[in-house]
$ cat protein09.csv   # CSV, C-alpha atoms
chain,number,residue,atom,x,y,z
A,937,MET,CA,-9.4,18.6,-12.1
A,938,ASN,CA,-9.8,15.8,-9.6
A,939,THR,CA,-7.7,13.4,-11.8
A,940,VAL,CA,-4.9,16.1,-12.0
A,941,ILE,CA,-4.7,16.5,-8.2
A,942,ILE,CA,-4.6,12.7,-7.6
A,943,GLY,CA,-2.1,12.2,-10.4
A,944,TRP,CA,0.3,14.8,-9.2
A,945,GLY,CA,-0.1,13.6,-5.6
A,946,LEU,CA,0.9,10.1,-6.7
A,947,ILE,CA,3.9,11.4,-8.6
A,948,ALA,CA,5.1,13.4,-5.5
A,949,VAL,CA,4.7,10.3,-3.3
A,950,MET,CA,6.7,8.0,-5.6
A,951,PHE,CA,9.4,10.7,-6.2
A,952,SER,CA,9.9,10.9,-2.5
A,953,LEU,CA,10.3,7.1,-2.4
A,954,GLY,CA,13.0,7.3,-5.1
A,955,LEU,CA,14.9,10.0,-3.1
A,956,SER,CA,15.3,7.6,-0.2
A,957,LEU,CA,16.7,4.8,-2.4
A,958,THR,CA,20.1,3.9,-3.8
A,959,VAL,CA,21.2,1.0,-5.9
A,960,LYS,CA,23.0,-0.4,-2.9
A,961,ASP,CA,19.8,-0.6,-1.0
A,962,PHE,CA,18.7,-3.5,-3.3
A,963,ALA,CA,21.6,-5.5,-1.9
A,964,TYR,CA,19.4,-5.7,1.2
A,965,VAL,CA,17.3,-8.3,-0.7
A,966,LEU,CA,20.3,-10.7,-0.7
A,967,GLN,CA,21.2,-10.0,2.8
A,968,ASN,CA,17.7,-10.4,4.2
A,969,ARG,CA,16.0,-13.0,2.1
A,970,ARG,CA,13.6,-14.2,4.8
A,971,SER,CA,12.3,-10.8,5.6
A,972,ILE,CA,11.9,-9.8,1.9
A,973,GLY,CA,10.4,-13.2,1.1
A,974,ALA,CA,7.8,-12.9,3.9
A,975,GLY,CA,6.8,-9.4,2.8
A,976,LEU,CA,6.6,-10.2,-1.0
A,977,ILE,CA,4.6,-13.4,-0.4
A,978,GLY,CA,2.1,-11.4,1.7
A,979,GLN,CA,1.9,-8.4,-0.7
A,980,LEU,CA,2.0,-10.0,-4.1
A,981,LEU,CA,0.8,-13.6,-3.7
A,982,LEU,CA,-1.7,-13.7,-0.7
A,983,LEU,CA,-3.4,-10.3,-0.8
A,984,PRO,CA,-5.2,-10.9,-4.1
A,985,PRO,CA,-6.8,-14.2,-2.9
A,986,LEU,CA,-7.6,-12.6,0.4
A,987,GLY,CA,-9.4,-9.8,-1.5
A,988,CYS,CA,-11.4,-12.3,-3.5
A,989,ALA,CA,-12.4,-14.2,-0.3
A,990,VAL,CA,-13.6,-10.9,1.3
A,991,VAL,CA,-15.6,-10.0,-1.8
A,992,ILE,CA,-17.3,-13.5,-2.0
A,993,PHE,CA,-17.9,-13.7,1.8
A,994,PHE,CA,-19.6,-10.3,2.0
A,995,GLY,CA,-21.4,-10.7,-1.4
A,996,LEU,CA,-20.3,-7.2,-2.6
A,997,PRO,CA,-22.0,-5.8,-5.7
A,998,PRO,CA,-19.8,-5.6,-8.8
A,999,ALA,CA,-18.6,-2.0,-8.5
A,1000,LEU,CA,-17.7,-2.4,-4.8
A,1001,ALA,CA,-16.1,-5.8,-5.5
A,1002,ILE,CA,-13.8,-4.2,-8.2
A,1003,GLY,CA,-12.9,-1.3,-5.9
A,1004,LEU,CA,-11.9,-3.7,-3.1
A,1005,LEU,CA,-9.9,-5.9,-5.5
A,1006,ILE,CA,-8.0,-2.9,-6.9
A,1007,LEU,CA,-6.9,-2.2,-3.3
A,1008,ALA,CA,-5.8,-5.8,-2.8
A,1009,PHE,CA,-3.9,-5.6,-6.1
A,1010,SER,CA,-2.1,-2.4,-5.0
A,1011,PRO,CA,0.1,-3.3,-2.0
A,1012,GLY,CA,2.5,-1.2,0.0
A,1013,GLY,CA,3.1,2.5,-0.8
A,1014,ILE,CA,5.1,5.2,0.8
A,1015,THR,CA,2.4,5.6,3.5
A,1016,SER,CA,3.4,2.2,4.9
A,1017,ASN,CA,7.0,3.5,5.0
A,1018,ALA,CA,5.8,6.6,7.1
A,1019,VAL,CA,3.9,4.3,9.5
A,1020,VAL,CA,6.9,2.0,9.9
A,1021,PHE,CA,9.1,5.1,10.5
A,1022,ALA,CA,6.6,6.3,13.2
A,1023,ALA,CA,6.6,2.8,14.8
A,1024,LYS,CA,10.5,2.7,14.8
A,1025,GLY,CA,10.3,-0.5,12.8
A,1026,ASN,CA,12.7,-1.6,10.0
A,1027,VAL,CA,12.5,1.3,7.6
A,1028,ALA,CA,15.0,-0.2,5.2
A,1029,LEU,CA,13.0,-3.4,4.9
A,1030,SER,CA,9.8,-1.3,4.4
A,1031,VAL,CA,11.3,0.9,1.7
A,1032,VAL,CA,12.8,-2.1,-0.3
A,1033,LEU,CA,9.5,-4.0,-0.1
A,1034,THR,CA,7.6,-0.9,-1.3
A,1035,SER,CA,10.0,-0.4,-4.2
A,1036,ILE,CA,9.9,-4.0,-5.4
A,1037,ALA,CA,6.1,-4.1,-5.1
A,1038,SER,CA,5.7,-0.8,-7.0
A,1039,LEU,CA,7.8,-2.2,-9.9
A,1040,VAL,CA,6.0,-5.5,-10.0
A,1041,THR,CA,2.4,-4.1,-9.7
A,1042,VAL,CA,2.9,-1.8,-12.7
A,1043,LEU,CA,2.4,-5.0,-14.7
A,1044,SER,CA,0.4,-7.3,-12.4
A,1045,THR,CA,-2.3,-4.8,-11.3
A,1046,PRO,CA,-3.7,-3.9,-14.7
A,1047,LEU,CA,-3.7,-7.6,-15.7
A,1048,LEU,CA,-5.6,-8.6,-12.5
A,1049,ILE,CA,-8.0,-5.7,-12.8
A,1050,ASN,CA,-8.8,-6.8,-16.4
A,1051,LEU,CA,-9.5,-10.4,-15.2
A,1052,SER,CA,-11.7,-9.0,-12.4
A,1053,LEU,CA,-13.8,-6.8,-14.7
A,1054,ASP,CA,-14.4,-9.8,-17.0
A,1055,TYR,CA,-15.5,-11.9,-14.0
A,1056,PHE,CA,-17.6,-9.5,-11.9
A,1057,MET,CA,-19.1,-7.2,-14.5
A,1058,ALA,CA,-21.3,-8.2,-17.4
A,1059,GLU,CA,-20.3,-7.1,-20.9
A,1060,GLY,CA,-21.4,-3.5,-21.5
A,1061,THR,CA,-21.5,-2.6,-17.8
A,1062,ALA,CA,-17.7,-2.4,-17.1
A,1063,PRO,CA,-15.9,0.9,-17.3
A,1064,ALA,CA,-13.6,1.4,-20.2
A,1065,PHE,CA,-10.2,-0.2,-19.4
A,1066,SER,CA,-7.1,-0.8,-21.4
A,1067,VAL,CA,-4.4,-3.0,-19.9
A,1068,LEU,CA,-1.6,-1.5,-22.0
A,1069,ASP,CA,-2.7,2.1,-21.5
A,1070,THR,CA,-2.9,1.5,-17.7
A,1071,ILE,CA,0.6,-0.1,-17.6
A,1072,GLY,CA,1.9,3.0,-19.5
A,1073,ARG,CA,0.2,5.4,-17.1
A,1074,LEU,CA,1.3,3.5,-14.0
A,1075,PHE,CA,4.9,3.4,-15.4
A,1076,GLN,CA,4.8,7.2,-15.8
A,1077,MET,CA,3.2,7.8,-12.4
A,1078,THR,CA,5.3,5.4,-10.3
A,1079,VAL,CA,8.4,4.0,-11.9
A,1080,LEU,CA,9.7,7.2,-13.6
A,1081,PRO,CA,9.3,9.3,-10.4
A,1082,ILE,CA,11.2,6.6,-8.5
A,1083,VAL,CA,14.0,6.6,-11.0
A,1084,VAL,CA,14.3,10.4,-11.1
A,1085,GLY,CA,14.4,10.4,-7.3
A,1086,MET,CA,17.1,7.8,-7.3
A,1087,ILE,CA,19.1,9.8,-9.9
A,1088,ILE,CA,18.9,13.0,-7.8
A,1089,ARG,CA,20.0,10.9,-4.7
A,1090,ARG,CA,23.0,9.7,-6.7
A,1091,VAL,CA,24.0,13.1,-8.1
A,1092,VAL,CA,23.3,15.4,-5.1
A,1093,PRO,CA,23.0,13.1,-2.1
A,1094,ALA,CA,23.1,15.8,0.5
A,1095,PHE,CA,20.2,17.7,-1.1
A,1096,ALA,CA,18.2,14.5,-1.5
A,1097,GLU,CA,18.7,13.6,2.1
A,1098,ARG,CA,17.4,17.0,3.2
A,1099,LEU,CA,14.5,16.8,0.8
A,1100,VAL,CA,13.4,13.3,1.8
A,1101,ARG,CA,13.3,14.3,5.5
A,1102,TRP,CA,10.6,16.8,4.5
A,1103,LEU,CA,8.8,14.6,2.0
A,1104,ARG,CA,8.5,11.5,4.2
A,1105,PRO,CA,5.8,13.1,6.5
A,1106,ALA,CA,4.5,15.0,3.5
A,1107,ALA,CA,3.6,11.7,1.8
A,1108,LEU,CA,1.1,11.0,4.6
A,1109,ILE,CA,-0.4,14.5,4.1
A,1110,VAL,CA,-0.7,13.8,0.4
A,1111,LEU,CA,-2.6,10.6,1.2
A,1112,LEU,CA,-4.9,12.4,3.6
A,1113,CYS,CA,-5.6,15.1,0.9
A,1114,VAL,CA,-6.4,12.5,-1.7
A,1115,ILE,CA,-8.7,10.7,0.7
A,1116,GLY,CA,-10.3,14.0,1.8
A,1117,PHE,CA,-10.8,15.0,-1.8
A,1118,SER,CA,-12.4,11.6,-2.6
A,1119,VAL,CA,-14.7,11.9,0.4
A,1120,TYR,CA,-15.7,15.4,-0.6
A,1121,ILE,CA,-16.7,14.5,-4.2
A,1122,SER,CA,-18.2,11.1,-3.3
A,1123,ALA,CA,-19.7,11.7,0.1
A,1124,ASP,CA,-23.3,10.7,-0.9
A,1125,LEU,CA,-22.0,7.4,-2.5
A,1126,VAL,CA,-19.9,6.6,0.6
A,1127,TRP,CA,-22.8,7.0,2.9
A,1128,GLN,CA,-25.1,5.0,0.6
A,1129,ASN,CA,-22.7,2.1,0.6
A,1130,ILE,CA,-21.1,2.3,4.0
A,1131,ALA,CA,-23.3,-0.4,5.6
A,1132,ILE,CA,-22.1,-3.1,3.2
A,1133,ALA,CA,-18.7,-1.6,2.2
A,1134,GLY,CA,-17.5,-0.8,5.8
A,1135,PRO,CA,-17.4,-4.3,7.2
A,1136,ALA,CA,-15.7,-5.7,4.1
A,1137,VAL,CA,-13.1,-2.9,4.2
A,1138,LEU,CA,-12.5,-3.5,7.9
A,1139,ALA,CA,-12.2,-7.3,7.3
A,1140,LEU,CA,-9.7,-6.9,4.5
A,1141,ASN,CA,-7.5,-4.5,6.5
A,1142,ILE,CA,-7.5,-6.6,9.7
A,1143,PHE,CA,-7.0,-9.9,8.0
A,1144,ALA,CA,-4.2,-8.4,5.9
A,1145,MET,CA,-2.4,-7.2,8.9
A,1146,LEU,CA,-2.8,-10.5,10.8
A,1147,MET,CA,-1.6,-12.3,7.7
A,1148,GLY,CA,1.5,-10.2,7.6
A,1149,LEU,CA,2.2,-10.9,11.3
A,1150,TRP,CA,1.6,-14.6,10.8
A,1151,LEU,CA,4.0,-14.7,7.8
A,1152,ALA,CA,6.6,-13.0,9.9
A,1153,ARG,CA,6.2,-15.7,12.6
A,1154,MET,CA,6.3,-18.5,10.0
A,1155,PHE,CA,9.6,-17.0,8.7
A,1156,ARG,CA,10.9,-16.7,12.3
A,1157,LEU,CA,11.5,-13.0,12.0
A,1158,ASP,CA,12.2,-10.8,15.1
A,1159,ASP,CA,9.6,-8.4,16.5
A,1160,ARG,CA,11.0,-5.3,14.6
A,1161,ASP,CA,10.7,-7.0,11.3
A,1162,SER,CA,7.4,-8.6,12.3
A,1163,ILE,CA,5.7,-5.2,12.9
A,1164,THR,CA,7.2,-4.0,9.6
A,1165,ILE,CA,5.7,-6.9,7.7
A,1166,GLY,CA,2.4,-6.5,9.4
A,1167,ILE,CA,2.2,-2.8,8.4
A,1168,GLU,CA,3.5,-3.5,4.8
A,1169,VAL,CA,0.9,-6.2,4.1
A,1170,GLY,CA,-1.9,-4.3,5.9
A,1171,VAL,CA,-1.4,-0.8,4.6
A,1172,GLN,CA,-2.3,-0.7,1.0
A,1173,ASN,CA,-1.5,1.9,-1.6
A,1174,ALA,CA,-4.8,3.8,-1.4
A,1175,THR,CA,-3.3,6.6,-3.5
A,1176,VAL,CA,-2.7,4.2,-6.5
A,1177,ALA,CA,-6.1,2.6,-6.0
A,1178,THR,CA,-7.8,6.0,-6.0
A,1179,PHE,CA,-5.8,7.0,-9.1
A,1180,LEU,CA,-6.8,3.8,-10.9
A,1181,THR,CA,-10.5,4.1,-10.0
A,1182,MET,CA,-11.0,7.9,-10.6
A,1183,ALA,CA,-8.3,8.9,-13.1
A,1184,VAL,CA,-7.8,5.8,-15.2
A,1185,MET,CA,-11.3,4.2,-15.0
A,1186,ASN,CA,-13.2,7.4,-14.4
A,1187,ASP,CA,-15.7,5.7,-12.2
A,1188,ILE,CA,-16.5,7.4,-8.9
A,1189,VAL,CA,-18.4,4.4,-7.6
A,1190,LEU,CA,-15.3,2.2,-7.8
A,1191,ALA,CA,-13.5,4.8,-5.6
A,1192,VAL,CA,-15.9,4.3,-2.6
A,1193,ILE,CA,-13.9,1.4,-1.1
A,1194,PRO,CA,-10.4,2.9,-1.6
A,1195,THR,CA,-11.8,6.1,0.1
A,1196,LEU,CA,-13.1,4.1,3.1
A,1197,TYR,CA,-10.0,1.9,3.3
A,1198,GLY,CA,-7.7,4.9,3.2
A,1199,VAL,CA,-9.3,6.1,6.5
A,1200,LEU,CA,-9.6,2.8,8.3
A,1201,MET,CA,-6.2,1.5,7.4
A,1202,LEU,CA,-4.5,4.4,9.0
A,1203,VAL,CA,-6.6,4.1,12.2
A,1204,ASN,CA,-5.9,0.3,12.5
A,1205,ALA,CA,-2.2,0.8,11.6
A,1206,PHE,CA,-1.7,3.3,14.3
A,1207,ILE,CA,-3.5,1.1,16.8
A,1208,LEU,CA,-1.0,-1.6,15.9
A,1209,VAL,CA,1.8,0.9,16.3
A,1210,ARG,CA,0.5,1.8,19.7
A,1211,ILE,CA,0.5,-1.8,20.8
A,1212,TRP,CA,4.1,-2.1,19.5
A,1213,ARG,CA,5.3,1.1,21.2
A,1214,SER,CA,3.6,0.0,24.5
A,1215,GLY,CA,5.8,-3.1,24.7
A,1216,LYS,CA,2.9,-5.5,24.6
A,1217,PHE,CA,3.4,-6.6,21.0
A,1218,ALA,CA,5.1,-10.0,21.8
A,1219,LYS,CA,2.5,-10.8,24.6
A,1220,ILE,CA,-0.4,-10.2,22.2
A,1221,PHE,CA,1.0,-11.7,19.0
A,1222,GLY,CA,3.5,-14.1,20.4
A,1223,GLN,CA,7.3,-13.6,20.6
A,1224,SER,CA,9.3,-14.9,17.7
A,1225,ALA,CA,12.2,-17.3,18.1
A,1226,ASN,CA,14.7,-14.7,17.1
A,1227,SER,CA,13.4,-11.9,19.3
A,1228,PRO,CA,15.7,-10.9,22.2
A,1229,ALA,CA,14.4,-11.6,25.6
A,1230,GLU,CA,12.4,-8.8,27.2
A,1231,GLY,CA,14.0,-6.6,29.9
$ encode --input "protein09.csv" --output "structure tokens"
Amino acid sequence: MNTVIIGWGLIAVMFSLGLSLTVKDFAYVLQNRRSIGAGLIGQLLLLPPLGCAVVIFFGLPPALAIGLLILAFSPGGITSNAVVFAAKGNVALSVVLTSIASLVTVLSTPLLINLSLDYFMAEGTAPAFSVLDTIGRLFQMTVLPIVVGMIIRRVVPAFAERLVRWLRPAALIVLLCVIGFSVYISADLVWQNIAIAGPAVLALNIFAMLMGLWLARMFRLDDRDSITIGIEVGVQNATVATFLTMAVMNDIVLAVIPTLYGVLMLVNAFILVRIWRSGKFAKIFGQSANSPAEG
């Protein structure tokens, strides 16, 4: 039952992402190469090594290490789009980054998980895992709903526009339900591991956000794009991570870190949004060269 709930929640989230996309949106990539480049470098190239560094520094046991790495291998997600929308950041940039990352990670995430299982878990102790089966399931749960959503947007744009306005906040509710359900069925495990998992989860989230903001400054992006990149790199796809740990790998212990992370990332993301909305963002993180002067 739990796998069905999480699976349908993920499908609903990715379908709503597809509803907000058109083929023309991908022209944004050519028009905004620096912003897209900064986001994709953070999400796809730097997050996995950051996850490995956190695992090694905190000396996480194998199951928690795999859970944290699955998060690092699952960037973005429509939740980050909702947070960017709430922050009045660059929603178009956020949606395109999420879309590209979702397509790439269908292939990259299963391969990286397989390598991590080989490294961190001794033979016979790792949960059953098939790279090809996982690629197929992720394709069904992420790529197909996005494509269907885009088709509906193409055929009946007015209906899709109305639907996406309702589904955008609903995506956050889906995530909260998935996290709440995970907490409910794994509460004992969460409390047993919170002392060691909590600091590691907090470190991953904070350093991921800071890494996103640093990349934005390195690429000389304005403040609106900078807050967007910070959120996109720092807010992981906890829904996908929970689906992989509980529905694909069927190991509730692996879901401990995605569950904790899903809570902490939202708290930290909205703290960052609060700083942005207060007008103190440039003073705290440094004003980019392309930002307009204050006042």
$ axis_aligned_box --input "protein09.csv" --around "segment 1195-1204 of chain A" --padding-each-side "6 Å" --output "lines of an AutoDock Vina configuration file"
center_x = -8.8
center_y = 3.2
center_z = 6.3
size_x = 20.6
size_y = 17.8
size_z = 24.4
$ residues_around --input "protein09.csv" --residues "segment 1005-1020 of chain A" --least-positions-apart "4" --cutoff "7 Å" --atoms "all atoms listed in the file" --output "VMD selection string"
chain A and resid 949 953 979 983 to 984 987 to 988 1001 1024 to 1027 1030 to 1031 1034 1037 1041 1045 1049 1104 to 1105 1107 to 1108 1164 1167 to 1169 1171 to 1174 1176 to 1177 1194
$ closest_residue --input "protein09.csv" --among "A:Gly1116, A:Gly978, A:Pro1063, A:Pro1135" --to "Thr1175 of chain A" --atoms "all atoms listed in the file"
A:Gly1116
$ atom_distance --input "protein09.csv" --atom1 "atom CA of Ala1094 of chain A" --atom2 "atom CA of Asp961 of chain A"
16.8 Å
$ atom_distance --input "protein09.csv" --atom1 "atom CA of Ile1193 of chain A" --atom2 "atom CA of Gly1003 of chain A"
5.6 Å
$ closest_residue --input "protein09.csv" --among "A:Phe951, A:Phe1065, A:Phe1206, A:Phe962" --to "Met1145 of chain A" --atoms "only C-alpha atoms"
A:Phe1206
$ decode --input "protein09.csv" --residues "segment 1144-1168 of chain A" --atoms "C-alpha atoms" --output "PDB file, in the first residue's frame"
ATOM      1  CA  ALA A1144      24.158  22.279  -1.283  1.00  0.00           C
ATOM      2  CA  MET A1145      22.367  25.623  -0.997  1.00  0.00           C
ATOM      3  CA  LEU A1146      25.614  27.501  -0.427  1.00  0.00           C
ATOM      4  CA  MET A1147      27.165  25.681  -3.382  1.00  0.00           C
ATOM      5  CA  GLY A1148      24.277  26.799  -5.583  1.00  0.00           C
ATOM      6  CA  LEU A1149      24.686  30.414  -4.450  1.00  0.00           C
ATOM      7  CA  TRP A1150      28.464  30.230  -4.994  1.00  0.00           C
ATOM      8  CA  LEU A1151      27.988  28.874  -8.527  1.00  0.00           C
ATOM      9  CA  ALA A1152      25.547  31.681  -9.281  1.00  0.00           C
ATOM     10  CA  ARG A1153      28.146  34.232  -8.219  1.00  0.00           C
ATOM     11  CA  MET A1154      30.890  32.465 -10.189  1.00  0.00           C
ATOM     12  CA  PHE A1155      28.679  32.652 -13.287  1.00  0.00           C
ATOM     13  CA  ARG A1156      27.895  36.326 -12.510  1.00  0.00           C
ATOM     14  CA  LEU A1157      24.138  35.841 -12.326  1.00  0.00           C
ATOM     15  CA  ASP A1158      21.778  38.455 -10.940  1.00  0.00           C
ATOM     16  CA  ASP A1159      20.141  38.048  -7.532  1.00  0.00           C
ATOM     17  CA  ARG A1160      16.874  36.643  -8.903  1.00  0.00           C
ATOM     18  CA  ASP A1161      18.689  33.863 -10.736  1.00  0.00           C
ATOM     19  CA  SER A1162      21.029  33.376  -7.768  1.00  0.00           C
ATOM     20  CA  ILE A1163      18.198  32.629  -5.323  1.00  0.00           C
ATOM     21  CA  THR A1164      16.722  30.278  -7.936  1.00  0.00           C
ATOM     22  CA  ILE A1165      19.990  28.328  -8.342  1.00  0.00           C
ATOM     23  CA  GLY A1166      20.449  28.182  -4.559  1.00  0.00           C
ATOM     24  CA  ILE A1167      16.999  26.636  -4.174  1.00  0.00           C
ATOM     25  CA  GLU A1168      17.356  24.292  -7.163  1.00  0.00           C
TER      26      GLU A1168
END
